[in-house]
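Novice: To be precise about what I am sending: the file is called query_10.csv and holds CSV, C-alpha atoms and all ligand atoms.
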```
chain,number,residue,atom,x,y,z
P,1,MET,CA,0.0,0.0,0.0
P,2,ALA,CA,1.3,3.5,-0.8
P,3,LYS,CA,2.4,5.4,2.2
P,4,GLU,CA,0.6,8.5,3.6
P,5,LYS,CA,2.0,11.7,2.4
P,6,VAL,CA,2.7,14.6,4.7
P,7,VAL,CA,3.5,18.2,3.7
P,8,LEU,CA,6.1,19.7,6.1
P,9,ALA,CA,6.7,23.4,6.8
P,10,TYR,CA,10.5,23.1,6.6
P,11,SER,CA,13.1,25.8,7.3
P,12,GLY,CA,16.3,23.7,7.0
P,13,GLY,CA,17.2,24.3,10.6
P,14,LEU,CA,18.0,21.4,13.1
P,15,ASP,CA,14.4,20.8,14.2
P,16,THR,CA,12.7,20.6,10.8
P,17,SER,CA,15.6,18.6,9.4
P,18,VAL,CA,15.2,16.1,12.2
P,19,ILE,CA,11.5,16.1,11.5
P,20,VAL,CA,12.0,15.1,7.8
P,21,LYS,CA,13.6,11.9,9.1
P,22,TRP,CA,11.4,11.4,12.2
P,23,LEU,CA,8.2,11.4,10.0
P,24,GLN,CA,9.6,8.6,7.9
P,25,LEU,CA,10.8,6.5,10.8
P,26,GLU,CA,8.1,7.1,13.4
P,27,LYS,CA,5.0,7.7,11.2
P,28,ASP,CA,6.1,5.8,8.1
P,29,MET,CA,5.1,8.7,5.9
P,30,ASP,CA,6.4,10.2,2.6
P,31,VAL,CA,7.6,13.7,3.3
P,32,VAL,CA,7.1,16.7,1.0
P,33,ALA,CA,9.3,19.5,2.4
P,34,ILE,CA,8.2,23.1,1.7
P,35,CYS,CA,10.6,26.0,2.4
P,36,GLY,CA,8.9,29.4,2.1
P,37,ASN,CA,10.9,32.3,0.9
P,38,VAL,CA,9.4,35.2,2.9
P,39,GLY,CA,12.5,37.4,2.6
P,40,GLN,CA,14.5,35.9,5.4
P,41,ASP,CA,18.2,36.6,5.7
P,42,GLU,CA,19.1,33.1,4.3
P,43,ARG,CA,19.0,34.0,0.6
P,44,ASP,CA,20.1,30.8,-1.1
P,45,LEU,CA,17.4,28.2,-0.4
P,46,GLU,CA,18.8,25.7,-2.9
P,47,PRO,CA,21.1,23.9,-0.5
P,48,ILE,CA,18.3,23.9,2.1
P,49,ARG,CA,15.9,22.4,-0.5
P,50,GLN,CA,18.5,19.7,-1.5
P,51,LYS,CA,19.2,18.9,2.2
P,52,ALA,CA,15.6,17.7,2.7
P,53,LEU,CA,16.0,15.3,-0.3
P,54,ASP,CA,19.2,14.0,1.1
P,55,ILE,CA,17.4,13.2,4.4
P,56,GLY,CA,14.9,11.2,2.4
P,57,ALA,CA,12.0,13.6,1.5
P,58,VAL,CA,10.2,12.4,-1.7
P,59,GLN,CA,9.8,16.0,-2.8
P,60,SER,CA,11.3,19.3,-1.7
P,61,GLU,CA,10.4,22.8,-2.9
P,62,ALA,CA,11.6,26.4,-2.1
P,63,VAL,CA,8.6,28.6,-2.8
P,64,ASP,CA,9.0,32.3,-3.3
P,65,MET,CA,6.2,33.9,-1.3
P,66,ARG,CA,7.7,37.4,-1.0
P,67,GLU,CA,5.5,39.2,-3.6
P,68,GLU,CA,2.3,37.7,-2.1
P,69,TYR,CA,3.5,38.5,1.4
P,70,ALA,CA,4.0,42.2,0.6
P,71,GLN,CA,0.8,42.5,-1.5
P,72,ASP,CA,-1.7,40.5,0.5
P,73,PHE,CA,-0.4,40.6,4.0
P,74,LEU,CA,1.9,43.6,4.6
P,75,THR,CA,-0.4,46.0,2.7
P,76,ARG,CA,-3.2,45.2,5.1
P,77,ALA,CA,-0.9,45.3,8.1
P,78,ILE,CA,0.2,48.9,7.2
P,79,ALA,CA,-3.4,49.9,6.6
P,80,ALA,CA,-4.1,48.6,10.2
P,81,ASN,CA,-1.0,50.2,11.7
P,82,ALA,CA,-0.6,46.7,13.0
P,83,LEU,CA,1.3,46.6,16.3
P,84,TYR,CA,0.5,43.8,18.9
P,85,GLU,CA,0.1,45.3,22.3
P,86,GLY,CA,0.9,48.6,20.6
P,87,VAL,CA,4.5,47.5,20.1
P,88,TYR,CA,5.3,44.5,17.9
P,89,PRO,CA,4.7,44.6,14.2
P,90,LEU,CA,3.7,40.9,14.0
P,91,LEU,CA,6.4,39.7,11.6
P,92,SER,CA,6.1,36.1,12.6
P,93,ALA,CA,2.3,36.2,13.0
P,94,LEU,CA,1.8,37.6,9.5
P,95,SER,CA,4.0,35.1,7.7
P,96,ARG,CA,2.3,32.0,9.2
P,97,PRO,CA,-1.1,32.2,7.5
P,98,LEU,CA,0.7,32.8,4.1
P,99,ILE,CA,2.9,29.8,4.6
P,100,SER,CA,-0.2,27.8,5.7
P,101,LYS,CA,-2.0,28.7,2.5
P,102,HIS,CA,0.8,27.3,0.4
P,103,LEU,CA,1.0,24.1,2.6
P,104,VAL,CA,-2.7,23.5,2.0
P,105,ASP,CA,-2.4,24.2,-1.7
P,106,ILE,CA,0.5,21.7,-2.0
P,107,ALA,CA,-1.3,19.1,0.2
P,108,HIS,CA,-4.2,19.3,-2.3
P,109,ALA,CA,-1.9,19.2,-5.3
P,110,THR,CA,0.1,16.2,-4.0
P,111,GLY,CA,-2.9,14.3,-2.4
P,112,ALA,CA,-1.4,14.6,1.1
P,113,ARG,CA,-3.8,14.2,4.0
P,114,TYR,CA,-1.4,15.5,6.6
P,115,ILE,CA,0.5,18.7,7.3
P,116,ALA,CA,3.4,18.9,9.8
P,117,HIS,CA,5.3,21.8,11.4
P,118,GLY,CA,8.2,22.2,13.7
P,119,CYS,CA,6.7,24.4,16.4
P,120,THR,CA,6.9,23.7,20.1
P,121,GLY,CA,3.9,23.3,22.4
P,122,LYS,CA,4.8,26.6,24.2
P,123,GLY,CA,4.7,29.1,21.3
P,124,ASN,CA,2.2,31.0,19.2
P,125,ASP,CA,3.2,29.6,15.9
P,126,GLN,CA,1.6,26.2,16.5
P,127,VAL,CA,-1.6,28.0,17.1
P,128,ARG,CA,-1.3,30.1,13.9
P,129,PHE,CA,-0.3,27.2,11.6
P,130,GLU,CA,-3.0,24.9,12.9
P,131,THR,CA,-5.8,27.5,13.1
P,132,SER,CA,-5.0,28.7,9.6
P,133,ILE,CA,-4.8,25.2,8.1
P,134,LYS,CA,-8.0,24.1,9.7
P,135,ALA,CA,-9.8,27.3,8.5
P,136,LEU,CA,-8.6,26.6,5.0
P,137,ASP,CA,-9.4,22.9,5.0
P,138,PRO,CA,-10.8,21.2,8.1
P,139,THR,CA,-10.3,17.7,6.6
P,140,LEU,CA,-6.5,18.0,6.8
P,141,GLU,CA,-4.8,16.3,9.8
P,142,LEU,CA,-2.0,18.0,11.7
P,143,VAL,CA,1.3,16.5,13.0
P,144,ALA,CA,3.4,18.4,15.5
P,145,PRO,CA,6.5,16.2,16.1
P,146,VAL,CA,8.1,18.5,18.6
P,147,ARG,CA,5.1,18.3,20.8
P,148,GLU,CA,5.1,14.5,20.5
P,149,TRP,CA,8.7,13.4,20.7
P,150,ASP,CA,10.9,13.2,23.7
P,151,LEU,CA,14.2,14.6,22.3
P,152,GLY,CA,14.3,17.1,25.2
P,153,SER,CA,17.5,19.1,24.9
P,154,ARG,CA,19.3,20.3,21.8
P,155,GLU,CA,22.1,17.9,22.7
P,156,GLU,CA,19.8,14.9,22.7
P,157,GLU,CA,18.3,16.1,19.4
P,158,MET,CA,21.8,16.3,17.9
P,159,GLU,CA,22.6,12.8,19.1
P,160,TRP,CA,19.4,11.5,17.5
P,161,ALA,CA,20.2,13.4,14.3
P,162,GLU,CA,23.7,12.0,14.2
P,163,ALA,CA,22.5,8.4,14.8
P,164,ASN,CA,19.9,8.7,12.1
P,165,GLY,CA,22.0,10.3,9.3
P,166,VAL,CA,20.6,13.8,9.6
P,167,PRO,CA,23.4,16.4,9.0
P,168,VAL,CA,24.0,18.4,12.2
P,169,PRO,CA,25.2,22.0,12.2
P,170,THR,CA,29.0,22.1,12.3
P,171,THR,CA,29.3,25.8,13.3
P,172,LYS,CA,28.4,26.5,16.9
P,173,SER,CA,25.0,28.0,16.6
P,174,LYS,CA,24.1,31.2,18.4
P,175,PRO,CA,22.2,30.4,21.6
P,176,TYR,CA,19.1,32.3,20.4
P,177,SER,CA,15.9,31.4,18.6
P,178,ILE,CA,15.5,33.6,15.6
P,179,ASP,CA,12.7,34.1,13.1
P,180,ASP,CA,13.1,36.6,10.3
P,181,ASN,CA,11.5,37.8,7.1
P,182,LEU,CA,10.9,41.0,5.1
P,183,TRP,CA,9.0,42.6,8.0
P,184,GLY,CA,11.8,42.2,10.5
P,185,ARG,CA,13.6,39.8,12.9
P,186,ALA,CA,12.6,38.2,16.2
P,187,ILE,CA,15.2,37.1,18.7
P,188,GLU,CA,14.5,35.2,21.9
P,189,CYS,CA,16.0,32.6,24.4
P,190,GLY,CA,19.5,32.4,25.8
P,191,VAL,CA,20.6,35.2,28.0
P,192,LEU,CA,17.5,37.2,27.0
P,193,GLU,CA,15.5,34.9,29.3
P,194,ASP,CA,16.7,36.8,32.3
P,195,THR,CA,14.7,40.0,31.8
P,196,TRP,CA,17.3,42.1,33.7
P,197,ASN,CA,20.1,41.2,31.2
P,198,SER,CA,20.8,43.7,28.4
P,199,PRO,CA,20.4,42.4,24.9
P,200,PRO,CA,23.9,41.4,23.8
P,201,SER,CA,25.1,43.5,20.8
P,202,ASP,CA,25.5,40.4,18.7
P,203,ILE,CA,21.8,39.7,18.4
P,204,TRP,CA,21.3,42.7,16.0
P,205,THR,CA,21.9,42.3,12.3
P,206,MET,CA,19.4,44.6,10.5
P,207,THR,CA,20.2,47.8,12.5
P,208,VAL,CA,23.5,49.4,13.4
P,209,ASP,CA,24.2,50.4,17.0
P,210,PRO,CA,22.2,53.7,17.4
P,211,GLN,CA,25.2,55.2,19.2
P,212,ALA,CA,27.4,54.4,16.2
P,213,ALA,CA,25.0,55.7,13.6
P,214,PRO,CA,25.9,58.9,11.5
P,215,HIS,CA,25.1,61.9,13.7
P,216,GLU,CA,23.7,64.0,10.9
P,217,GLY,CA,20.9,61.4,10.4
P,218,GLU,CA,18.9,61.1,7.2
P,219,GLU,CA,15.7,62.3,5.8
P,220,VAL,CA,13.4,59.9,3.9
P,221,VAL,CA,10.2,60.8,2.0
P,222,ILE,CA,7.6,58.1,1.9
P,223,GLY,CA,4.8,58.4,-0.7
P,224,PHE,CA,1.5,56.7,-0.1
P,225,THR,CA,-1.3,55.9,-2.6
P,226,ALA,CA,-4.6,54.9,-1.0
P,227,GLY,CA,-2.7,53.8,2.2
P,228,VAL,CA,-0.1,51.8,0.4
P,229,PRO,CA,3.6,53.0,0.3
P,230,THR,CA,4.4,53.5,-3.3
P,231,SER,CA,7.5,55.7,-3.4
P,232,ILE,CA,10.6,56.4,-1.4
P,233,ASN,CA,12.4,59.7,-1.9
P,234,GLY,CA,10.3,60.3,-5.0
P,235,LYS,CA,11.2,56.9,-6.6
P,236,GLU,CA,8.2,54.8,-7.3
P,237,MET,CA,8.6,51.1,-6.7
P,238,PRO,CA,6.6,47.9,-5.8
P,239,LEU,CA,6.0,47.4,-2.1
P,240,LEU,CA,8.4,44.5,-1.9
P,241,ASP,CA,11.4,46.6,-3.2
P,242,LEU,CA,10.3,49.6,-1.1
P,243,ILE,CA,10.3,47.5,2.1
P,244,ILE,CA,13.8,46.2,1.3
P,245,GLU,CA,15.0,49.8,0.7
P,246,ALA,CA,13.3,51.1,3.9
P,247,ASN,CA,14.9,48.3,5.9
P,248,ALA,CA,18.3,49.5,4.6
P,249,ILE,CA,17.7,53.2,5.2
P,250,ALA,CA,16.3,52.9,8.7
P,251,GLY,CA,18.7,50.1,9.7
P,252,ARG,CA,21.8,52.2,8.9
P,253,ASN,CA,20.4,54.9,11.2
P,254,GLY,CA,20.0,52.5,14.1
P,255,TYR,CA,16.2,52.7,14.0
P,256,GLY,CA,13.9,49.8,14.6
P,257,ARG,CA,15.0,47.9,17.7
P,258,LEU,CA,12.4,46.7,20.2
P,259,ASP,CA,12.7,44.9,23.5
P,260,MET,CA,9.4,43.8,25.0
P,261,ILE,CA,7.6,41.6,27.5
P,262,GLU,CA,4.9,40.0,25.4
P,263,ASP,CA,1.7,38.1,26.2
P,264,ARG,CA,1.7,34.8,24.3
P,265,VAL,CA,-1.5,33.1,23.3
P,266,VAL,CA,-0.7,30.1,25.5
P,267,GLY,CA,-0.8,32.3,28.6
P,268,ILE,CA,3.0,32.8,29.1
P,269,LYS,CA,4.7,36.2,29.3
P,270,SER,CA,8.0,36.1,27.3
P,271,ARG,CA,10.7,38.5,26.6
P,272,GLU,CA,11.4,39.1,22.9
P,273,CYS,CA,13.7,41.4,21.1
P,274,TYR,CA,12.9,42.6,17.6
P,275,GLU,CA,14.4,44.7,14.9
P,276,CYS,CA,11.9,45.9,12.4
P,277,PRO,CA,13.3,49.0,10.7
P,278,ALA,CA,11.0,49.2,7.6
P,279,ALA,CA,7.9,48.1,9.5
P,280,LEU,CA,8.2,50.7,12.2
P,281,LEU,CA,9.2,53.5,9.8
P,282,LEU,CA,6.3,52.8,7.4
P,283,ILE,CA,3.7,52.3,10.1
P,284,ASN,CA,4.8,55.6,11.8
P,285,ALA,CA,4.7,57.5,8.5
P,286,HIS,CA,1.3,56.0,7.6
P,287,LYS,CA,-0.2,56.9,11.0
P,288,ASN,CA,0.9,60.5,10.5
P,289,LEU,CA,-0.7,60.6,7.0
P,290,GLU,CA,-4.0,59.2,8.4
P,291,MET,CA,-4.0,62.0,11.0
P,292,LEU,CA,-3.9,64.5,8.1
P,293,THR,CA,-6.5,62.8,5.9
P,294,LEU,CA,-9.0,61.1,8.2
P,295,SER,CA,-11.6,62.7,10.4
P,296,ALA,CA,-11.3,62.7,14.2
P,297,GLU,CA,-14.3,60.3,14.5
P,298,VAL,CA,-12.9,57.9,12.0
P,299,LEU,CA,-9.5,58.0,13.6
P,300,LYS,CA,-10.8,57.3,17.1
P,301,GLU,CA,-12.7,54.2,15.9
P,302,LYS,CA,-9.7,53.1,13.8
P,303,GLN,CA,-7.4,53.2,16.8
P,304,ASN,CA,-9.6,50.6,18.5
P,305,LEU,CA,-9.9,48.5,15.3
P,306,ASP,CA,-6.1,48.7,14.7
P,307,LEU,CA,-5.5,47.1,18.1
P,308,LYS,CA,-8.2,44.5,17.5
P,309,TRP,CA,-6.7,43.6,14.1
P,310,ALA,CA,-3.3,43.1,15.6
P,311,ASP,CA,-4.7,41.0,18.4
P,312,LEU,CA,-6.6,38.8,15.9
P,313,VAL,CA,-3.6,38.2,13.7
P,314,TYR,CA,-1.4,37.6,16.7
P,315,ARG,CA,-3.8,34.9,17.9
P,316,GLY,CA,-3.7,33.1,14.5
P,317,LEU,CA,-7.1,34.4,13.3
P,318,TRP,CA,-6.0,35.7,9.9
P,319,TYR,CA,-8.6,33.6,8.1
P,320,SER,CA,-11.6,35.0,10.1
P,321,GLN,CA,-14.7,37.0,9.5
P,322,ALA,CA,-13.5,39.5,12.1
P,323,ARG,CA,-10.2,40.3,10.3
P,324,GLU,CA,-12.0,40.6,6.9
P,325,ALA,CA,-14.6,42.9,8.5
P,326,ILE,CA,-11.9,45.3,9.8
P,327,ASP,CA,-10.2,45.1,6.4
P,328,ALA,CA,-13.4,46.3,4.9
P,329,TYR,CA,-13.4,49.4,7.2
P,330,ASN,CA,-9.8,49.9,6.3
P,331,ALA,CA,-10.4,49.6,2.5
P,332,TYR,CA,-12.9,52.5,2.8
P,333,THR,CA,-10.7,54.7,5.0
P,334,GLN,CA,-7.5,54.0,3.0
P,335,ALA,CA,-9.0,55.4,-0.2
P,336,HIS,CA,-8.3,58.8,1.4
P,337,VAL,CA,-4.8,58.2,2.5
P,338,THR,CA,-2.7,59.6,-0.4
P,339,GLY,CA,0.2,61.9,0.1
P,340,GLU,CA,3.8,62.2,1.2
P,341,VAL,CA,5.5,62.1,4.6
P,342,ARG,CA,9.0,63.3,5.3
P,343,MET,CA,10.5,61.4,8.1
P,344,LYS,CA,13.8,62.2,9.8
P,345,LEU,CA,15.9,59.4,11.2
P,346,CYS,CA,18.7,60.1,13.6
P,347,CYS,CA,20.7,57.7,15.8
P,348,GLY,CA,17.9,55.4,16.5
P,349,SER,CA,15.2,58.0,16.7
P,350,LEU,CA,12.4,58.8,14.2
P,351,PHE,CA,10.5,62.1,13.8
P,352,MET,CA,7.8,63.3,11.4
P,353,ASP,CA,9.5,66.3,9.6
P,354,GLY,CA,6.9,67.4,7.1
P,355,ILE,CA,3.7,66.1,5.5
P,356,ARG,CA,1.3,66.8,2.6
P,357,ALA,CA,-1.7,65.0,1.2
P,358,GLU,CA,-3.9,65.0,-1.9
P,359,ALA,CA,-7.1,65.7,0.1
P,360,PRO,CA,-5.9,67.0,3.5
P,361,LEU,CA,-8.4,67.8,6.2
P,362,TYR,CA,-6.0,70.4,7.5
P,363,ASP,CA,-7.2,73.8,6.2
P,364,TYR,CA,-4.6,76.5,6.4
P,365,ASN,CA,-7.1,79.3,6.5
P,366,LEU,CA,-8.9,77.7,9.4
P,367,ALA,CA,-5.7,76.9,11.3
P,368,THR,CA,-3.7,80.0,10.8
P,369,TYR,CA,-3.3,82.9,13.2
P,370,ASP,CA,-2.3,85.4,10.5
P,371,GLU,CA,-4.5,87.8,8.5
P,372,SER,CA,-5.7,85.1,6.1
P,373,ASP,CA,-7.7,83.5,9.0
P,374,THR,CA,-11.3,82.7,7.9
P,375,PHE,CA,-12.4,81.1,11.2
P,376,GLU,CA,-15.5,82.9,12.6
P,377,HIS,CA,-14.3,83.6,16.1
P,378,ALA,CA,-17.6,85.0,17.4
P,379,GLN,CA,-19.4,81.7,16.6
P,380,SER,CA,-17.4,80.0,19.4
P,381,GLU,CA,-19.4,81.8,22.0
P,382,GLY,CA,-22.7,80.1,21.1
P,383,PHE,CA,-20.9,76.7,20.7
P,384,ILE,CA,-19.4,77.0,24.2
P,385,TYR,CA,-22.9,77.9,25.6
P,386,VAL,CA,-24.4,74.7,24.2
P,387,HIS,CA,-21.4,72.6,25.0
P,388,SER,CA,-21.3,73.5,28.7
P,389,LEU,CA,-25.1,73.5,29.2
P,390,PRO,CA,-25.4,70.0,30.7
P,391,HIS,CA,-22.5,70.5,33.0
P,392,ILE,CA,-23.8,73.9,34.2
P,393,THR,CA,-27.1,72.2,34.9
P,394,TRP,CA,-25.4,69.4,36.8
P,395,SER,CA,-23.3,71.8,38.8
P,396,ARG,CA,-26.3,73.8,39.8
P,397,GLN,CA,-28.0,70.7,41.0
P,398,GLN,CA,-25.0,69.8,43.2
P,399,GLY,CA,-25.1,73.2,44.9
P,400,PRO,CA,-22.2,75.5,45.8
P,401,GLY,CA,-19.0,74.1,47.3
P,402,SER,CA,-19.7,70.6,46.1
P,403,ARG,CA,-17.2,70.4,43.3
P,404,GLN,CA,-13.9,68.6,43.7
U,501,LIG,N1,7.0,36.3,19.6
U,501,LIG,C1,6.8,36.4,18.2
U,501,LIG,C2,5.4,36.0,17.8
U,501,LIG,O1,4.8,35.2,18.5
U,501,LIG,C3,7.9,35.8,17.5
U,501,LIG,C4,7.9,34.3,17.5
U,501,LIG,C5,9.1,33.6,16.9
U,501,LIG,N2,10.3,34.1,17.5
U,501,LIG,C6,11.5,33.5,17.5
U,501,LIG,N3,12.4,34.2,18.1
U,501,LIG,N4,11.7,32.4,17.1
U,501,LIG,O2,4.9,36.4,16.8
```
Take the structure in this file and express it as structure tokens.
Specialist:
Amino acid sequence: MAKEKVVLAYSGGLDTSVIVKWLQLEKDMDVVAICGNVGQDERDLEPIRQKALDIGAVQSEAVDMREEYAQDFLTRAIAANALYEGVYPLLSALSRPLISKHLVDIAHATGARYIAHGCTGKGNDQVRFETSIKALDPTLELVAPVREWDLGSREEEMEWAEANGVPVPTTKSKPYSIDDNLWGRAIECGVLEDTWNSPPSDIWTMTVDPQAAPHEGEEVVIGFTAGVPTSINGKEMPLLDLIIEANAIAGRNGYGRLDMIEDRVVGIKSRECYECPAALLLINAHKNLEMLTLSAEVLKEKQNLDLKWADLVYRGLWYSQAREAIDAYNAYTQAHVTGEVRMKLCCGSLFMDGIRAEAPLYDYNLATYDESDTFEHAQSEGFIYVHSLPHITWSRQQGPGSRQ
């Protein structure tokens, strides 16, 4: 009888390489290894693809998902100013539903009934993969070897790998867990687990030390069309290229580092360091342009919805009615968000330096204090009378001397 087929979310690291073998030995399955290119630092995925075949995968593919990531995921994240707990731009959370979609498509194309991933039982990514996959096709079965096996420590895992012909890393790996893509880099574990320890300087690769950045700083003009960044310093480019450029510009000015205590879905607080130069620069510029182009009422509602959107995506609910409903609100609002924002980067700091829009709600003649002022000052008297009326009535009721 033909063996069952399993599609594996494979990165080429120790865990998922061991899983390629483990699924064959422990589950007697044929493994289809899928490595997603989401713009991670590791550029050459060919040796990684080949490695899975060497470990016995029946099929191994490196799939370029970058364009789709930028178009379908990051565009919406920017529209939602997506920052989990107001801080983290969701780089891992955004890539998982995209990878899941490809895993499901490949499972359908290859006739696989199983999908496997290398996430631990303590993290968010297991929740994101499994929730996304089930939302896309509830008939698929999931396998999470790391939750199942008893290869406790990294040493034990290396021994198992060695004994079973899985190549083990020869260079001493950094004692951190890292996830990276176009939208930034996440670094955790090792000395970072003591929350009082400073992040060691060797964890950062996308940003220079802010204290060593050029003192004169750098200006950068971001152009937006209907809420989507479309140009940088006057040069139009596709979002994918623009993000790569924005990462370089902000990174060389030491901007984009975060160090936060974060609330995981599984109830644990964890300490995570991030560097997200482009994500934070673009979201900051975008928020400023929204303040110029959206009404106060819309902005207030949007602040709540932005936080809600980030929370949904963090919790693995990309493929949900709730996320789509907020995106519909954003689709309407973003139609107004066209213009340019000049941002100033300097030694790890970021400031808005100038802004203009196609349809600004800022009216010079209303705002100015010079002679071109058109605001009808006398009208304010009547406005204040009506505005204060309920409070005057209440105050009268309370009687003299009752106010705090
Ligand atoms: N805490 C982040 C999240 O849940 C990143 C997870 C992956 N981080 C890592 N360093 N491997 O989205």
Novice: At a cut-off of 7 Å from (-0.4, 19.8, 12.4) in the coordinates of the file, what residues are picked up using all atoms listed in the file, written as a VMD selection string?
Specialist: chain P and resid 115 to 117 130 141 to 144
Novice: Atom N3 of ligand LIG 501 (chain U) to atom CA of Asp179 of chain P: how many Å, to one decimal?
Specialist: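 Between atom N3 of ligand LIG 501 (chain U) and atom CA of Asp179 of chain P the gap works out to 5.0 Å.
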Novice: Find the residues near Gln24 of chain P: any atom within 10 Å, counting only C-alpha atoms, skip ones fewer than 3 places away on the same chain, and give them as a list in words.
Specialist: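 Within the cut-off, the hits are Lys3, Glu4, Lys5, Val6, Ile19, Val20, Lys21, Lys27, Asp28, Met29, Asp30, Val31, Ile55, Gly56 and Ala57 of chain P.
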Novice: Neighbours of ligand LIG 501 (chain U) within 9 Å, counting only C-alpha atoms and all ligand atoms, as a PDB file with C-alpha atoms, in the frame of the given file?
Specialist:
```pdb
ATOM      1  CA  TYR P  84       0.500  43.800  18.900  1.00  0.00           C
ATOM      2  CA  TYR P  88       5.300  44.500  17.900  1.00  0.00           C
ATOM      3  CA  PRO P  89       4.700  44.600  14.200  1.00  0.00           C
ATOM      4  CA  LEU P  90       3.700  40.900  14.000  1.00  0.00           C
ATOM      5  CA  LEU P  91       6.400  39.700  11.600  1.00  0.00           C
ATOM      6  CA  SER P  92       6.100  36.100  12.600  1.00  0.00           C
ATOM      7  CA  ALA P  93       2.300  36.200  13.000  1.00  0.00           C
ATOM      8  CA  LEU P  94       1.800  37.600   9.500  1.00  0.00           C
ATOM      9  CA  GLY P 123       4.700  29.100  21.300  1.00  0.00           C
ATOM     10  CA  ASN P 124       2.200  31.000  19.200  1.00  0.00           C
ATOM     11  CA  ASP P 125       3.200  29.600  15.900  1.00  0.00           C
ATOM     12  CA  TYR P 176      19.100  32.300  20.400  1.00  0.00           C
ATOM     13  CA  SER P 177      15.900  31.400  18.600  1.00  0.00           C
ATOM     14  CA  ILE P 178      15.500  33.600  15.600  1.00  0.00           C
ATOM     15  CA  ASP P 179      12.700  34.100  13.100  1.00  0.00           C
ATOM     16  CA  ASP P 180      13.100  36.600  10.300  1.00  0.00           C
ATOM     17  CA  ARG P 185      13.600  39.800  12.900  1.00  0.00           C
ATOM     18  CA  ALA P 186      12.600  38.200  16.200  1.00  0.00           C
ATOM     19  CA  ILE P 187      15.200  37.100  18.700  1.00  0.00           C
ATOM     20  CA  GLU P 188      14.500  35.200  21.900  1.00  0.00           C
ATOM     21  CA  CYS P 189      16.000  32.600  24.400  1.00  0.00           C
ATOM     22  CA  GLU P 262       4.900  40.000  25.400  1.00  0.00           C
ATOM     23  CA  ASP P 263       1.700  38.100  26.200  1.00  0.00           C
ATOM     24  CA  ARG P 264       1.700  34.800  24.300  1.00  0.00           C
ATOM     25  CA  VAL P 265      -1.500  33.100  23.300  1.00  0.00           C
ATOM     26  CA  SER P 270       8.000  36.100  27.300  1.00  0.00           C
ATOM     27  CA  ARG P 271      10.700  38.500  26.600  1.00  0.00           C
ATOM     28  CA  GLU P 272      11.400  39.100  22.900  1.00  0.00           C
ATOM     29  CA  CYS P 273      13.700  41.400  21.100  1.00  0.00           C
ATOM     30  CA  TYR P 274      12.900  42.600  17.600  1.00  0.00           C
ATOM     31  CA  TYR P 314      -1.400  37.600  16.700  1.00  0.00           C
ATOM     32  CA  ARG P 315      -3.800  34.900  17.900  1.00  0.00           C
TER      33      ARG P 315
END
```
Novice: Taking all atoms listed in the file into account, which of P:Glu381, P:Asp202, P:Asp259, P:Glu156 comes nearest Asp15 of chain P?
Specialist: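 Checking each candidate against Asp15 of chain P, we get P:Glu156 as the closest.
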Novice: Take segment 143-153 of chain P from the preceding structure and save N, CA and C atoms as an mmCIF file, in the first residue's frame.
Specialist:
```
data_model
loop_
_atom_site.group_PDB
_atom_site.id
_atom_site.type_symbol
_atom_site.label_atom_id
_atom_site.label_comp_id
_atom_site.auth_asym_id
_atom_site.auth_seq_id
_atom_site.Cartn_x
_atom_site.Cartn_y
_atom_site.Cartn_z
ATOM 1 N N VAL P 143 0.255 17.229 12.202
ATOM 2 C CA VAL P 143 1.262 16.499 12.974
ATOM 3 C C VAL P 143 2.247 17.528 13.526
ATOM 4 N N ALA P 144 2.463 17.484 14.835
ATOM 5 C CA ALA P 144 3.400 18.419 15.468
ATOM 6 C C ALA P 144 4.466 17.607 16.209
ATOM 7 N N PRO P 145 5.473 17.090 15.477
ATOM 8 C CA PRO P 145 6.451 16.176 16.078
ATOM 9 C C PRO P 145 7.104 16.712 17.356
ATOM 10 N N VAL P 146 7.432 18.008 17.388
ATOM 11 C CA VAL P 146 8.149 18.540 18.563
ATOM 12 C C VAL P 146 7.287 18.444 19.828
ATOM 13 N N ARG P 147 5.952 18.473 19.648
ATOM 14 C CA ARG P 147 5.061 18.318 20.799
ATOM 15 C C ARG P 147 4.972 16.857 21.230
ATOM 16 N N GLU P 148 5.357 15.974 20.308
ATOM 17 C CA GLU P 148 5.146 14.540 20.516
ATOM 18 C C GLU P 148 6.395 13.806 20.969
ATOM 19 N N TRP P 149 7.531 14.201 20.412
ATOM 20 C CA TRP P 149 8.727 13.411 20.672
ATOM 21 C C TRP P 149 9.325 13.741 22.027
ATOM 22 N N ASP P 150 10.320 12.913 22.450
ATOM 23 C CA ASP P 150 10.927 13.204 23.748
ATOM 24 C C ASP P 150 12.421 13.470 23.590
ATOM 25 N N LEU P 151 12.766 14.242 22.531
ATOM 26 C CA LEU P 151 14.172 14.622 22.333
ATOM 27 C C LEU P 151 14.406 15.930 23.075
ATOM 28 N N GLY P 152 14.215 15.895 24.388
ATOM 29 C CA GLY P 152 14.253 17.074 25.242
ATOM 30 C C GLY P 152 15.225 18.173 24.838
ATOM 31 N N SER P 153 16.520 17.983 25.102
ATOM 32 C CA SER P 153 17.489 19.058 24.906
ATOM 33 C C SER P 153 18.031 19.067 23.475
#
```
